[in-house]
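**Student:** See structure.txt below, with compact mmCIF, C-alpha atoms.
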```txt
# COMPACT_ATOMS: atom_id res chain seq x y z
CA MET A 1245 1.78 0.01 -23.32
CA LEU A 1246 4.19 2.94 -23.62
CA ILE A 1247 1.30 5.37 -24.08
CA LYS A 1248 -0.39 3.97 -20.96
CA LEU A 1249 2.85 4.29 -18.99
CA VAL A 1250 3.39 7.88 -20.16
CA PHE A 1251 -0.21 8.75 -19.28
CA SER A 1252 0.15 7.08 -15.86
CA ILE A 1253 3.37 8.96 -15.14
CA PHE A 1254 1.78 12.26 -16.23
CA PHE A 1255 -1.42 11.66 -14.26
CA PHE A 1256 0.33 10.61 -11.07
CA SER A 1257 2.95 13.33 -11.31
CA GLN A 1258 0.05 15.79 -11.38
CA LEU A 1259 -1.54 13.98 -8.45
CA CYS A 1260 1.60 13.74 -6.35
CA PHE A 1261 3.41 16.94 -7.13
CA GLY A 1262 0.65 19.38 -6.45
CA VAL A 1263 -0.81 20.49 -9.78
CA ALA A 1264 -4.25 20.55 -8.23
CA LYS A 1265 -7.55 20.63 -10.03
CA ALA A 1266 -11.03 20.35 -8.56
CA GLY A 1267 -11.46 16.95 -6.98
CA ASP A 1268 -7.78 16.03 -7.20
CA LEU A 1269 -6.18 14.32 -4.25
CA THR A 1270 -3.53 16.06 -2.17
CA ILE A 1271 -0.78 13.91 -0.69
CA PRO A 1272 -0.21 14.89 2.95
CA GLU A 1273 3.23 16.34 3.80
CA ALA A 1274 3.82 13.52 6.30
CA ILE A 1275 4.03 10.91 3.54
CA LYS A 1276 5.62 12.90 0.72
CA VAL A 1277 8.54 11.19 -1.00
CA PRO A 1278 12.01 12.78 -0.72
CA GLU A 1279 13.22 14.99 -3.57
CA GLY A 1280 14.90 13.16 -6.43
CA ASN A 1281 12.34 10.34 -6.61
CA ASN A 1282 9.81 10.16 -9.43
CA VAL A 1283 6.54 8.30 -9.91
CA TYR A 1284 6.78 5.44 -12.37
CA LEU A 1285 4.06 2.94 -11.44
CA ASN A 1286 0.65 2.95 -9.80
CA VAL A 1287 -1.39 -0.12 -8.91
CA HIS A 1288 -4.66 -0.72 -7.12
CA ALA A 1289 -4.75 -3.36 -4.37
CA LYS A 1290 -7.85 -5.30 -3.38
CA GLY A 1291 -7.80 -7.96 -0.69
CA ASP A 1292 -7.50 -8.27 3.08
CA GLN A 1293 -5.46 -7.00 5.99
CA ILE A 1294 -4.90 -9.98 8.32
CA PHE A 1295 -5.03 -9.58 12.12
CA TYR A 1296 -4.64 -12.08 14.95
CA CYS A 1297 -5.78 -11.97 18.56
CA ALA A 1298 -2.72 -11.55 20.79
CA LEU A 1299 -1.91 -11.09 24.47
CA SER A 1300 0.73 -8.49 25.26
CA THR A 1301 1.56 -7.21 28.76
CA GLY A 1302 -1.73 -8.60 30.05
CA VAL A 1303 -3.89 -6.94 27.37
CA TYR A 1304 -5.73 -8.75 24.58
CA SER A 1305 -5.86 -6.93 21.25
CA TRP A 1306 -5.96 -7.50 17.52
CA ALA A 1307 -2.43 -7.30 16.09
CA TRP A 1308 -1.71 -6.68 12.43
CA GLN A 1309 -0.08 -9.69 10.77
CA ALA A 1310 0.11 -9.13 7.00
CA PRO A 1311 -1.67 -7.94 3.87
CA ASP A 1312 -3.04 -10.39 1.33
CA ALA A 1313 -4.11 -8.60 -1.83
CA LYS A 1314 -4.09 -8.73 -5.59
CA LEU A 1315 -2.59 -5.82 -7.55
CA TYR A 1316 -4.35 -4.40 -10.58
CA ASP A 1317 -3.28 -2.03 -13.34
CA THR A 1318 -5.16 1.21 -12.80
CA GLN A 1319 -5.79 1.72 -16.54
CA ASP A 1320 -7.05 -1.59 -17.88
CA LYS A 1321 -7.77 -3.29 -14.51
CA ALA A 1322 -5.62 -6.31 -15.46
CA LEU A 1323 -4.18 -8.41 -12.63
CA VAL A 1324 -0.47 -7.51 -12.46
CA GLY A 1325 0.74 -8.96 -9.16
CA SER A 1326 0.21 -9.47 -5.46
CA HIS A 1327 0.91 -7.84 -2.09
CA GLY A 1328 1.78 -9.93 0.94
CA VAL A 1329 3.79 -10.50 4.08
CA GLY A 1330 6.94 -8.45 4.54
CA PRO A 1331 5.26 -6.24 3.43
CA SER A 1332 6.14 -7.25 -0.10
CA TRP A 1333 4.91 -6.62 -3.62
CA SER A 1334 5.34 -9.07 -6.51
CA HIS A 1335 4.80 -8.23 -10.17
CA ASN A 1336 3.86 -10.74 -12.86
CA ASP A 1337 7.17 -9.92 -14.60
CA GLY A 1338 9.03 -11.71 -11.76
CA SER A 1339 10.24 -8.65 -9.86
CA THR A 1340 9.59 -8.26 -6.12
CA VAL A 1341 10.28 -5.68 -3.43
CA LYS A 1342 10.04 -5.50 0.33
CA ALA A 1343 9.67 -2.23 2.22
CA LYS A 1344 9.42 -0.77 5.70
CA VAL A 1345 7.02 1.90 6.91
CA ILE A 1346 8.82 5.18 7.61
CA GLN A 1347 5.82 7.52 7.95
CA LYS A 1348 2.08 7.23 8.29
CA THR A 1349 -0.87 9.55 8.54
CA ASP A 1350 -4.56 9.05 9.18
CA ALA A 1351 -6.68 8.43 6.11
CA PRO A 1352 -9.26 11.11 5.32
CA ASP A 1353 -11.85 8.35 5.84
CA LYS A 1354 -11.58 7.47 9.56
CA ALA A 1355 -12.97 4.01 8.76
CA ALA A 1356 -9.93 3.24 6.59
CA ALA A 1357 -6.36 2.12 7.20
CA PRO A 1358 -3.71 4.86 7.46
CA TRP A 1359 -1.88 6.21 4.43
CA LEU A 1360 1.79 5.23 4.40
CA LEU A 1361 5.20 6.13 3.08
CA LEU A 1362 7.38 3.05 2.77
CA GLU A 1363 11.07 2.82 1.90
CA VAL A 1364 12.16 -0.13 -0.20
CA THR A 1365 14.62 -2.34 1.69
CA GLU A 1366 15.06 -5.20 -0.77
CA GLY A 1367 14.42 -5.83 -4.46
CA LYS A 1368 14.74 -8.87 -6.69
CA GLY A 1369 14.45 -9.41 -10.41
CA ASP A 1370 14.84 -7.14 -13.40
CA GLY A 1371 11.22 -6.09 -13.91
CA LEU A 1372 9.19 -3.02 -12.99
CA LEU A 1373 9.43 -3.30 -9.23
CA ALA A 1374 13.23 -3.65 -9.29
CA HIS A 1375 13.47 0.13 -9.79
CA ALA A 1376 11.47 1.12 -6.70
CA SER A 1377 12.95 3.32 -3.99
CA TYR A 1378 9.76 4.41 -2.18
CA ILE A 1379 6.11 3.39 -2.12
CA GLN A 1380 3.08 5.39 -0.99
CA ARG A 1381 -0.18 3.78 0.13
CA ILE A 1382 -3.10 6.14 -0.42
CA ASN A 1383 -6.87 6.04 -1.07
CA THR A 1384 -7.40 3.31 1.51
CA GLN A 1385 -10.80 1.78 2.09
CA GLY A 1386 -11.34 -0.57 5.04
CA GLY A 1387 -8.41 -2.50 6.48
CA LEU A 1388 -8.75 -1.44 10.13
CA SER A 1389 -8.44 -3.94 12.98
CA PRO A 1390 -11.56 -5.91 13.89
CA ILE A 1391 -14.01 -4.53 16.44
CA SER A 1392 -15.06 -8.03 17.47
CA SER A 1393 -13.93 -9.50 20.74
CA CYS A 1394 -10.29 -10.44 21.32
CA ASP A 1395 -9.96 -12.29 24.63
CA ALA A 1396 -8.72 -15.58 26.12
CA ASN A 1397 -11.38 -17.45 24.13
CA HIS A 1398 -10.10 -15.99 20.86
CA LEU A 1399 -6.33 -15.98 21.52
CA GLY A 1400 -4.51 -16.79 18.26
CA ALA A 1401 -7.67 -16.37 16.16
CA GLU A 1402 -7.20 -14.78 12.75
CA LYS A 1403 -9.52 -12.19 11.21
CA ARG A 1404 -9.36 -10.91 7.65
CA MET A 1405 -10.52 -7.36 7.12
CA PRO A 1406 -11.30 -6.36 3.52
CA TYR A 1407 -9.35 -3.39 2.18
CA GLU A 1408 -8.46 -1.54 -0.97
CA ALA A 1409 -5.67 0.95 -1.59
CA ASP A 1410 -3.60 2.57 -4.29
CA TYR A 1411 0.16 2.02 -4.23
CA ILE A 1412 2.38 4.55 -5.98
CA PHE A 1413 5.92 3.39 -6.78
CA TYR A 1414 8.83 5.84 -7.07
CA SER A 1415 12.37 5.46 -8.37
CA LYS A 1416 15.49 7.62 -8.21
```
Show me this structure written as structure tokens.
**Tutor:**
Amino acid sequence: MLIKLVFSIFFFSQLCFGVAKAGDLTIPEAIKVPEGNNVYLNVHAKGDQIFYCALSTGVYSWAWQAPDAKLYDTQDKALVGSHGVGPSWSHNDGSTVKAKVIQKTDAPDKAAAPWLLLEVTEGKGDGLLAHASYIQRINTQGGLSPISSCDANHLGAEKRMPYEADYIFYSK
């Protein structure tokens, strides 16, 4: 486990702090984490982004409601937690965090949800997530609002849009 954690920290420090190699991902400036925060955990999310049909100022549109995803270890693909309303992340060790979006940028894939920088606003437990200060959402696939009709006939209807993303957790 320690070897996997050290490898993950090394790999994601290379990914996030600009030691670029061919094919490596570059984190956009808009969602870079403030100095003094270091990568300590990376998980892959697979699930849905949930939208509902709403009426606001006379216009019908799909409004984002919440994520509903499972979190997987990026090394051995084991289920390690979940991601849900709040937005919140829960780890199997009992720790949880909630965060707020402070920056976002378009995903390189225009058919995917934006990449985000989130600041942790609340943490519970003594496990891995209890140490988080910031979270980045990158490598999104899917997760955009539905293109189907949202009108008076669909008001309040819920649509689940499949998505995947990587979440990188930082601590001070």
**Student:** I'd like a table as a Markdown table: residues in segment 1372-1394 of chain A with an atom no more than 9 Å from segment 1331-1341 of chain A, each row giving the shortest atom pair and its distance in Å to one decimal, only C-alpha atoms counted, sorted by chain and rising residue number.
**Tutor:**
```
| residue | atom | partner | partner_atom | distance |
| --- | --- | --- | --- | --- |
| A:Leu1372 | CA | A:Ser1339 | CA | 6.5 |
| A:Leu1373 | CA | A:Ser1339 | CA | 5.4 |
| A:Ala1374 | CA | A:Ser1339 | CA | 5.9 |
| A:Ala1376 | CA | A:Val1341 | CA | 7.6 |
```
**Student:** Neighbours of Leu1388 of chain A within 7 Å (only C-alpha atoms; same-chain residues fewer than 3 positions away dropped), as a list in words?
**Tutor:**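 Skipping anything fewer than 3 positions along the chain leaves Ala1356, Ala1357 and Met1405 of chain A.
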**Student:** Hey, could you pull the box centre and edge lengths for segment 1400-1406 of chain A, axis-aligned, 4 Å padding per side, all listed atoms, to one decimal in Å, as JSON?
**Tutor:**
```
{"center_x": -7.9, "center_y": -11.6, "center_z": 10.9, "size_x": 14.8, "size_y": 18.4, "size_z": 22.7}
```
**Student:** Separation of atom CA of Ser1415 of chain A and atom CA of Val1277 of chain A, in Å?
**Tutor:**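 Distance reported for this atom pair: 10.1 Å.
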**Student:** Just the residues within 9 Å of segment 1311-1328 of chain A, please, counting all atoms listed in the file, with nothing from its chain fewer than 2 positions along; format it as a list in words.
**Tutor:**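 In the requested form, the answer reads Lys1248, Ser1252, Asn1286, Val1287, His1288, Ala1289, Lys1290, Gly1291, Asp1292, Gln1293, Ile1294, Trp1308, Gln1309, Gly1330, Pro1331, Ser1332, Trp1333, Ser1334, His1335, Asn1336, Asp1337, Arg1404, Tyr1407, Glu1408, Asp1410 and Tyr1411 of chain A.
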**Student:** Please measure the separation of atom CA of Val1345 of chain A and atom CA of Pro1390 of chain A, giving the value in Å to one decimal.
**Tutor:**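 Value for the atom CA of Val1345 of chain A-atom CA of Pro1390 of chain A distance: 21.3 Å.
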**Student:** For Gly1386 of chain A, which of A:Leu1360, A:Ala1310, A:Ala1355, A:Cys1297 is the closest residue, counting all atoms listed in the file?
**Tutor:**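 So, comparing all the options, the nearest one is A:Ala1355.
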**Student:** In terms of the shortest atom-to-atom distance over only C-alpha atoms, which of A:Ser1300, A:Thr1365, A:Asn1281, A:Ser1305 is closest to Ser1393 of chain A?
**Tutor:**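 Nearest to Ser1393 of chain A: A:Ser1305.
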**Student:** Between A:Gln1347, A:Glu1279, A:Leu1361, A:Phe1295, which one has atoms that come closest to Gly1400 of chain A, using all atoms listed in the file?
**Tutor:**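 Checking each candidate against Gly1400 of chain A, we get A:Phe1295 as the closest.
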**Student:** For atom CA of Ser1389 of chain A and atom CA of Glu1363 of chain A, determine how far apart the two atoms are, in Å to one decimal place.
**Tutor:**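 Interatomic distance, atom CA of Ser1389 of chain A to atom CA of Glu1363 of chain A: 23.4 Å.
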**Student:** Using all atoms listed in the file for the distances, tell me which of A:Pro1358, A:His1375, A:Ala1351, A:Ala1298 is nearest to Glu1402 of chain A.
**Tutor:**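 For Glu1402 of chain A, the nearest of the given residues is A:Ala1298.
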**Student:** Between A:Pro1352, A:Pro1272, A:Gly1302, A:Pro1278, single out the one closest to Asp1395 of chain A, counting all atoms listed in the file.
**Tutor:** A:Gly1302
**Student:** Nearest to Asn1383 of chain A among A:Lys1368, A:Lys1416, A:Lys1354, A:His1398, with distances taken over all atoms listed in the file: which residue is it?
**Tutor:**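 The answer is A:Lys1354, which sits nearest to Asn1383 of chain A.
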